[in-house]
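What's in structure.txt: compact mmCIF, C-alpha atoms
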```txt
# COMPACT_ATOMS: atom_id res chain seq x y z
CA MET A 1 8.07 17.96 -20.43
CA SER A 2 5.68 15.89 -22.39
CA SER A 3 1.96 16.24 -22.48
CA LEU A 4 -0.48 13.41 -22.85
CA ASN A 5 -3.61 13.80 -24.90
CA ILE A 6 -6.33 12.40 -22.67
CA GLY A 7 -9.86 12.79 -23.84
CA GLY A 8 -9.00 15.90 -25.83
CA SER A 9 -7.22 17.59 -22.92
CA GLN A 10 -3.50 17.98 -22.51
CA LEU A 11 -2.19 16.62 -19.22
CA ASP A 12 1.47 16.63 -18.41
CA ALA A 13 2.99 13.28 -17.54
CA SER A 14 4.97 14.84 -14.72
CA TRP A 15 1.75 15.72 -12.86
CA PHE A 16 1.06 12.04 -12.39
CA LEU A 17 4.63 11.44 -11.29
CA LEU A 18 4.43 14.32 -8.84
CA LEU A 19 1.22 12.92 -7.36
CA SER A 20 2.94 9.56 -7.09
CA ALA A 21 5.90 11.14 -5.29
CA VAL A 22 3.62 12.98 -2.85
CA LEU A 23 1.70 9.80 -2.01
CA PHE A 24 4.93 7.86 -1.57
CA VAL A 25 6.29 10.48 0.80
CA LEU A 26 3.04 10.43 2.78
CA GLY A 27 3.41 6.67 3.13
CA ALA A 28 7.00 7.11 4.26
CA VAL A 29 5.84 9.62 6.88
CA GLY A 30 3.32 7.08 8.11
CA VAL A 31 5.96 4.38 8.48
CA LEU A 32 8.28 6.78 10.29
CA VAL A 33 5.98 8.52 12.76
CA ARG A 34 3.17 6.06 13.46
CA ARG A 35 3.69 3.47 16.16
CA ASN A 36 0.73 1.14 15.66
CA PRO A 37 2.05 -1.83 13.64
CA LEU A 38 -1.23 -2.08 11.72
CA VAL A 39 -1.00 1.54 10.58
CA ILE A 40 2.58 0.94 9.48
CA LEU A 41 1.36 -1.88 7.23
CA ILE A 42 -1.33 0.45 5.85
CA SER A 43 1.31 3.07 5.07
CA ILE A 44 3.37 0.47 3.23
CA GLU A 45 0.31 -0.27 1.10
CA LEU A 46 0.05 3.45 0.37
CA MET A 47 3.66 3.53 -0.84
CA LEU A 48 3.07 0.49 -3.06
CA ASN A 49 0.05 2.23 -4.57
CA ALA A 50 2.13 5.30 -5.31
CA ALA A 51 4.70 3.14 -7.08
CA ASN A 52 1.91 1.57 -9.12
CA LEU A 53 0.75 5.01 -10.19
CA ALA A 54 4.25 5.87 -11.43
CA LEU A 55 4.44 2.58 -13.35
CA VAL A 56 1.10 3.14 -15.05
CA ALA A 57 1.94 6.78 -15.85
CA PHE A 58 5.20 5.79 -17.53
CA SER A 59 3.40 3.00 -19.34
CA ARG A 60 0.92 5.50 -20.78
CA GLN A 61 3.65 7.96 -21.63
CA LEU A 62 5.66 5.41 -23.60
CA VAL A 63 2.57 3.60 -24.99
CA ASN A 64 4.16 0.41 -23.73
CA ILE A 65 2.07 -2.23 -21.99
CA GLU A 66 4.93 -3.57 -19.84
CA GLY A 67 4.47 -0.91 -17.19
CA GLN A 68 0.90 -2.00 -16.61
CA LEU A 69 1.97 -5.64 -16.48
CA PHE A 70 4.55 -4.77 -13.86
CA ALA A 71 1.92 -2.85 -11.91
CA LEU A 72 -0.23 -5.98 -11.87
CA MET A 73 2.73 -8.03 -10.59
CA SER A 74 3.33 -5.43 -7.93
CA MET A 75 -0.33 -5.64 -6.85
CA THR A 76 0.07 -9.39 -6.45
CA VAL A 77 3.19 -8.97 -4.37
CA ALA A 78 1.43 -6.33 -2.27
CA ALA A 79 -1.48 -8.67 -1.61
CA ALA A 80 0.89 -11.44 -0.55
CA GLU A 81 2.79 -9.02 1.66
CA ALA A 82 -0.39 -7.80 3.33
CA VAL A 83 -1.55 -11.36 4.00
CA VAL A 84 1.72 -12.49 5.56
CA GLY A 85 2.18 -9.24 7.50
CA LEU A 86 -1.31 -9.38 8.97
CA ALA A 87 -0.86 -13.04 9.87
CA ILE A 88 2.35 -12.22 11.74
CA LEU A 89 0.56 -9.35 13.46
CA VAL A 90 -2.34 -11.53 14.57
CA ASP A 91 0.13 -14.11 15.83
CA ILE A 92 1.96 -11.49 17.89
CA PHE A 93 -1.26 -10.02 19.25
CA ARG A 94 -2.38 -13.49 20.28
CA VAL A 95 0.48 -13.78 22.77
CA ARG A 96 0.38 -10.23 24.10
CA ASP A 97 -0.85 -6.74 23.41
CA VAL A 98 1.33 -4.48 21.33
CA GLU A 99 0.28 -0.88 21.51
CA ASP A 100 3.60 0.41 20.29
CA ILE A 101 5.90 -1.03 17.65
CA ASP A 102 8.81 -0.31 20.01
CA ASP A 103 7.47 -3.00 22.34
CA LEU A 104 8.81 -5.56 19.89
CA SER A 105 12.44 -5.09 20.80
CA GLU A 106 13.54 -8.56 21.87
CA LEU A 107 16.21 -8.71 19.19
CA ARG A 108 18.00 -5.72 20.67
CA GLY A 109 19.57 -8.05 23.24
CA MET B 1 -12.78 17.79 -18.60
CA ALA B 2 -9.98 15.29 -18.05
CA ILE B 3 -7.98 17.96 -16.27
CA ALA B 4 -10.80 18.59 -13.80
CA VAL B 5 -11.20 14.85 -13.20
CA PHE B 6 -7.47 14.50 -12.64
CA PHE B 7 -7.26 17.33 -10.15
CA ILE B 8 -10.33 16.22 -8.18
CA ALA B 9 -9.00 12.67 -7.99
CA ALA B 10 -5.50 13.87 -7.09
CA ALA B 11 -6.84 16.13 -4.32
CA LEU B 12 -8.91 13.26 -2.93
CA ALA B 13 -5.89 10.97 -3.05
CA VAL B 14 -3.65 13.44 -1.22
CA LEU B 15 -6.34 14.12 1.39
CA GLY B 16 -6.77 10.39 1.89
CA GLY B 17 -3.01 9.98 2.24
CA ILE B 18 -2.92 12.69 4.87
CA GLY B 19 -5.80 10.93 6.61
CA VAL B 20 -3.86 7.64 6.66
CA VAL B 21 -1.04 9.34 8.50
CA ALA B 22 -3.04 11.69 10.71
CA PHE B 23 -5.98 9.66 12.07
CA HIS B 24 -5.36 8.10 15.43
CA GLN B 25 -7.74 5.19 15.05
CA PRO B 26 -6.61 2.43 12.66
CA ILE B 27 -10.13 2.00 11.26
CA ARG B 28 -10.09 5.56 9.97
CA SER B 29 -6.66 5.06 8.45
CA VAL B 30 -7.96 2.03 6.56
CA LEU B 31 -11.00 3.91 5.28
CA SER B 32 -8.75 6.79 4.18
CA LEU B 33 -6.64 4.28 2.28
CA VAL B 34 -9.80 3.07 0.55
CA VAL B 35 -10.41 6.68 -0.55
CA VAL B 36 -6.84 6.84 -1.91
CA MET B 37 -7.27 3.60 -3.82
CA LEU B 38 -10.57 4.62 -5.38
CA SER B 39 -9.17 7.97 -6.54
CA LEU B 40 -6.09 6.22 -7.90
CA SER B 41 -8.36 3.88 -9.84
CA VAL B 42 -9.98 6.93 -11.46
CA ILE B 43 -6.52 8.15 -12.43
CA PHE B 44 -5.69 4.72 -13.86
CA LEU B 45 -8.77 5.07 -16.02
CA LEU B 46 -7.48 8.43 -17.24
CA LEU B 47 -4.20 6.75 -18.16
CA ASN B 48 -5.80 4.13 -20.46
CA ALA B 49 -5.35 1.36 -17.92
CA GLN B 50 -8.80 -0.17 -17.84
CA PHE B 51 -7.73 -3.59 -16.64
CA VAL B 52 -5.51 -2.18 -13.90
CA PHE B 53 -8.46 0.00 -12.88
CA ALA B 54 -10.72 -3.04 -12.47
CA VAL B 55 -8.05 -5.00 -10.61
CA GLN B 56 -7.37 -2.03 -8.34
CA ILE B 57 -11.01 -1.82 -7.30
CA ILE B 58 -11.67 -5.55 -6.99
CA VAL B 59 -8.41 -6.77 -5.48
CA TYR B 60 -7.14 -3.75 -3.58
CA ALA B 61 -10.15 -1.75 -2.47
CA GLY B 62 -12.18 -4.94 -2.22
CA ALA B 63 -10.11 -7.82 -0.93
CA VAL B 64 -7.01 -6.38 0.72
CA MET B 65 -8.86 -3.61 2.54
CA VAL B 66 -11.52 -6.03 3.79
CA LEU B 67 -8.65 -8.14 5.13
CA PHE B 68 -7.34 -5.11 7.03
CA LEU B 69 -10.83 -4.38 8.36
CA PHE B 70 -11.22 -7.96 9.55
CA VAL B 71 -7.92 -7.82 11.41
CA ILE B 72 -8.91 -4.55 13.07
CA ALA B 73 -12.24 -6.08 14.06
CA LEU B 74 -10.35 -9.07 15.43
CA LEU B 75 -7.79 -7.12 17.42
CA GLY B 76 -10.07 -4.47 18.82
CA PRO B 77 -9.78 -0.72 18.72
CA ALA B 78 -6.23 -0.04 19.84
CA ARG B 79 -5.34 3.60 20.12
CA GLU B 80 -1.86 4.94 20.05
CA LEU B 81 -0.22 6.30 23.10
CA GLY B 82 0.49 9.98 23.21
CA ARG B 83 4.18 9.96 22.58
CA GLY B 84 6.81 7.46 21.67
CA ARG B 85 10.00 6.67 23.44
CA LEU B 86 12.38 7.44 20.62
CA ARG B 87 13.94 10.85 20.92
CA PHE B 88 13.98 13.19 17.93
CA GLN B 89 11.76 10.79 15.97
CA GLY B 90 9.54 13.55 14.63
CA TRP B 91 12.35 15.87 13.65
CA LEU B 92 14.41 13.15 12.03
CA SER B 93 11.45 11.89 10.03
CA ALA B 94 10.60 15.42 8.91
CA LEU B 95 14.19 15.88 7.74
CA PHE B 96 14.20 12.54 5.96
CA VAL B 97 10.91 13.27 4.24
CA LEU B 98 11.99 16.73 3.09
CA VAL B 99 15.19 15.30 1.64
CA LEU B 100 13.24 12.52 -0.08
CA LEU B 101 10.71 14.94 -1.55
CA GLY B 102 13.49 17.27 -2.70
CA LEU B 103 15.32 14.41 -4.39
CA MET B 104 12.17 13.28 -6.18
CA TRP B 105 11.41 16.84 -7.24
CA GLY B 106 14.92 17.24 -8.61
CA LEU B 107 14.62 13.97 -10.50
CA LEU B 108 11.30 15.04 -11.99
CA GLN B 109 12.81 18.24 -13.34
CA GLY B 110 15.39 16.45 -15.44
CA VAL B 111 13.48 13.40 -16.58
CA GLN B 112 13.99 12.66 -20.26
CA TYR B 113 11.32 10.65 -22.00
CA ARG B 114 12.22 8.59 -25.00
CA GLN B 115 10.01 8.57 -28.03
CA PRO B 116 6.78 6.70 -27.32
CA ASP B 117 6.26 3.42 -29.08
CA LYS B 118 3.94 3.18 -32.00
CA GLY B 119 0.77 1.86 -30.47
CA ASP B 120 -2.95 1.98 -30.89
CA LEU B 121 -4.35 3.88 -27.95
CA SER B 122 -7.83 2.47 -28.45
CA PHE B 123 -6.37 -1.01 -27.93
CA PHE B 124 -3.84 -0.01 -25.27
CA GLY B 125 -4.62 -1.19 -21.75
CA THR B 126 -7.60 -3.37 -22.62
CA VAL B 127 -7.92 -6.91 -21.35
CA GLN B 128 -6.76 -8.24 -24.72
CA SER B 129 -3.54 -6.24 -24.76
CA ILE B 130 -2.82 -7.15 -21.13
CA ALA B 131 -3.44 -10.82 -21.88
CA VAL B 132 -1.17 -10.78 -24.94
CA GLY B 133 1.69 -9.50 -22.79
CA LEU B 134 0.89 -11.67 -19.81
CA PHE B 135 0.58 -14.97 -21.65
CA THR B 136 3.36 -14.61 -24.21
CA THR B 137 6.36 -12.58 -23.13
CA TYR B 138 5.76 -12.66 -19.41
CA LEU B 139 4.34 -16.15 -19.04
CA TYR B 140 7.00 -17.36 -16.59
CA PRO B 141 6.72 -14.36 -14.21
CA PHE B 142 2.96 -14.81 -14.32
CA GLU B 143 3.23 -18.46 -13.33
CA LEU B 144 5.77 -17.63 -10.63
CA THR B 145 3.23 -15.17 -9.24
CA SER B 146 0.84 -18.03 -8.61
CA ILE B 147 3.54 -19.85 -6.65
CA LEU B 148 4.11 -16.67 -4.63
CA LEU B 149 0.41 -16.48 -3.77
CA LEU B 150 0.40 -20.16 -2.80
CA VAL B 151 3.39 -19.61 -0.50
CA ALA B 152 1.70 -16.57 1.06
CA ALA B 153 -1.52 -18.51 1.66
CA ILE B 154 0.34 -21.42 3.28
CA GLY B 155 2.36 -19.02 5.40
CA ALA B 156 -0.75 -17.18 6.58
CA ILE B 157 -2.46 -20.45 7.50
CA TYR B 158 0.64 -21.64 9.35
CA LEU B 159 1.04 -18.40 11.27
CA SER B 160 -2.60 -18.10 12.30
CA ARG B 161 -3.24 -21.73 13.23
CA LYS B 162 -4.35 -22.63 16.71
CA ARG B 163 -1.45 -23.63 18.91
CA ILE B 164 -1.65 -27.20 20.17
CA ASP B 165 1.26 -27.25 22.60
CA ASP B 166 2.09 -23.71 23.52
CA SER B 167 4.81 -23.83 26.11
CA GLU B 168 5.56 -20.14 26.22
CA GLY B 169 2.26 -18.39 25.77
CA GLY B 170 -1.04 -18.93 27.51
CA PRO B 171 -2.73 -22.29 27.90
CA ALA B 172 -3.64 -24.20 24.77
CA GLY B 173 -6.94 -23.38 23.21
CA GLU B 174 -7.10 -20.00 24.83
CA GLY B 175 -7.71 -18.42 21.49
CA LEU B 176 -7.58 -14.75 20.81
CA ARG B 177 -7.69 -12.46 23.71
CA PRO B 178 -9.18 -9.08 22.98
CA ALA B 179 -6.68 -6.31 22.79
CA ALA B 180 -6.45 -3.77 25.56
CA GLY B 181 -9.23 -1.27 25.35
CA VAL B 182 -8.95 2.45 25.17
CA GLY B 183 -6.30 3.60 27.57
CA GLY B 184 -5.79 0.13 29.00
CA ASN B 185 -2.17 -0.17 30.00
CA LEU B 186 -1.68 -3.86 30.36
CA PRO B 187 2.00 -4.65 30.69
CA PRO B 188 3.31 -7.09 28.12
CA HIS B 189 3.61 -10.62 29.35
CA SER B 190 7.01 -11.27 30.75
CA LYS B 191 8.45 -14.63 30.09
```

Show this structure as structure tokens.
Amino acid sequence: MSSLNIGGSQLDASWFLLLSAVLFVLGAVGVLVRRNPLVILISIELMLNAANLALVAFSRQLVNIEGQLFALMSMTVAAAEAVVGLAILVDIFRVRDVEDIDDLSELRG
Amino acid sequence: MAIAVFFIAAALAVLGGIGVVAFHQPIRSVLSLVVVMLSLSVIFLLLNAQFVFAVQIIVYAGAVMVLFLFVIALLGPARELGRGRLRFQGWLSALFVLVLLGLMWGLLQGVQYRQPDKGDLSFFGTVQSIAVGLFTTYLYPFELTSILLLVAAIGAIYLSRKRIDDSEGGPAGEGLRPAAGVGGNLPPHSK
């Protein structure tokens, strides 16, 4: 256990990591149980945000800037992923309506 | 003071995360995700990450979420059907999630931190310190990031262009059809 001195108060670093884990698990639940492809993309964004929180928390704990730099890289990758994923989604919706992600099962053969 | 700010922001983030999963309309999921991102930006500020805080608000809560909102506005309000066709999906996902949370909890109990580096916390996380890292040690990853964004932009333009000769789909120039409305059960086009 290690406490961080933030504005005169002592916060434990593991609180941030626990919050990050909870948010990541919520995102995983969203990917697993939701069937709208758009909501699945949103849940992936939630998981990426949780990972960013863990990176920034470790960066603050170790007083090392590299964690924040990696969080910025991860934000860039997340933006690129959202753009390409939404473009694919719009392209699919242009041909037909997909109410359920299980409708996209042509590869099952 | 900081403890109260942390717990309010954390509670808002968890509530927003639950909202992302629980709301049945995609627009509400997106707005819940905006709540999560804004509370996370407050927590970034607590963690001496001023630049990441600004980028989180401008890029994530600003640009990416507006992109999601535009796509929802484009595709129409699609609601989910009542139940899926995969058996045991709920139970299996609950099991998976409990195992995942247990593993993370177990990892958090035994985490060993090394000694923190010697650093000036008043300088840590400012734009200057970010820039020193980004333009000296990590210059090549930073430049590669720009190529990644270029590739993503080209890919998005290619995927969302208007089809000239569309042999499989509808007639050319048909454009976007609105998605099925609430409860509309249009069968998918068979080829």

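Using all atoms listed in the file, the nearest neighbour of chain B within the list A:Val63, A:Leu55, A:Leu4, A:Ser20 is A:Val63.
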
query = Any idea what the distance is between atom CA of Asp117 of chain B and atom CA of Leu62 of chain A?
reply = 5.9 Å

key: Counting all atoms listed in the file, the option among B:Leu47, B:Ile8, B:Val66, B:Ile58 closest to chain A   =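 Of B:Leu47, B:Ile8, B:Val66, B:Ile58, the one nearest chain A, counting all atoms listed in the file, is B:Leu47.
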
ask   = Could you work out how far atom CA of Asn48 of chain B lies from atom CA of Phe124 of chain B, giving the answer in Å with one decimal?
value =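 A separation of 6.6 Å between them.
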
key: Distance query Ile65 of chain A at most 9 Å, only C-alpha atoms, self and fewer than 5 positions along chain excluded, as JSON, numbers by chain   = {"A": [56, 59, 60, 70], "B": [124, 125, 129, 130, 133]}

query = Which polymer residues, protein or nucleic acid, are no farther than 10 Å from (6.4, 19.7, -15.5), counting all atoms listed in the file, as a PyMOL selection string?
reply = (chain A and resi 1-3+11-18) or (chain B and resi 108-111)

task = Could you jot down the atom CA of Val31 of chain A to atom CA of Val71 of chain B separation for me, Å, one decimal place?
result =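 If I compute the distance from atom CA of Val31 of chain A to atom CA of Val71 of chain B, I get 18.7 Å.
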
note = Counting only C-alpha atoms, the residue among B:Phe68, B:Trp105, B:Phe123, B:Phe142 that lies closest to Ala21 of chain A is B:Trp105

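You can rank A:Ala51, A:Leu107, A:Val83, A:Ile44 by their closest distance to chain B using all atoms listed in the file, and at the top of that list sits A:Val83.
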
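Distance check against chain A using all atoms listed in the file: of B:Gly76, B:Pro26, B:Gly16, B:Gly62, the minimum falls on B:Pro26.
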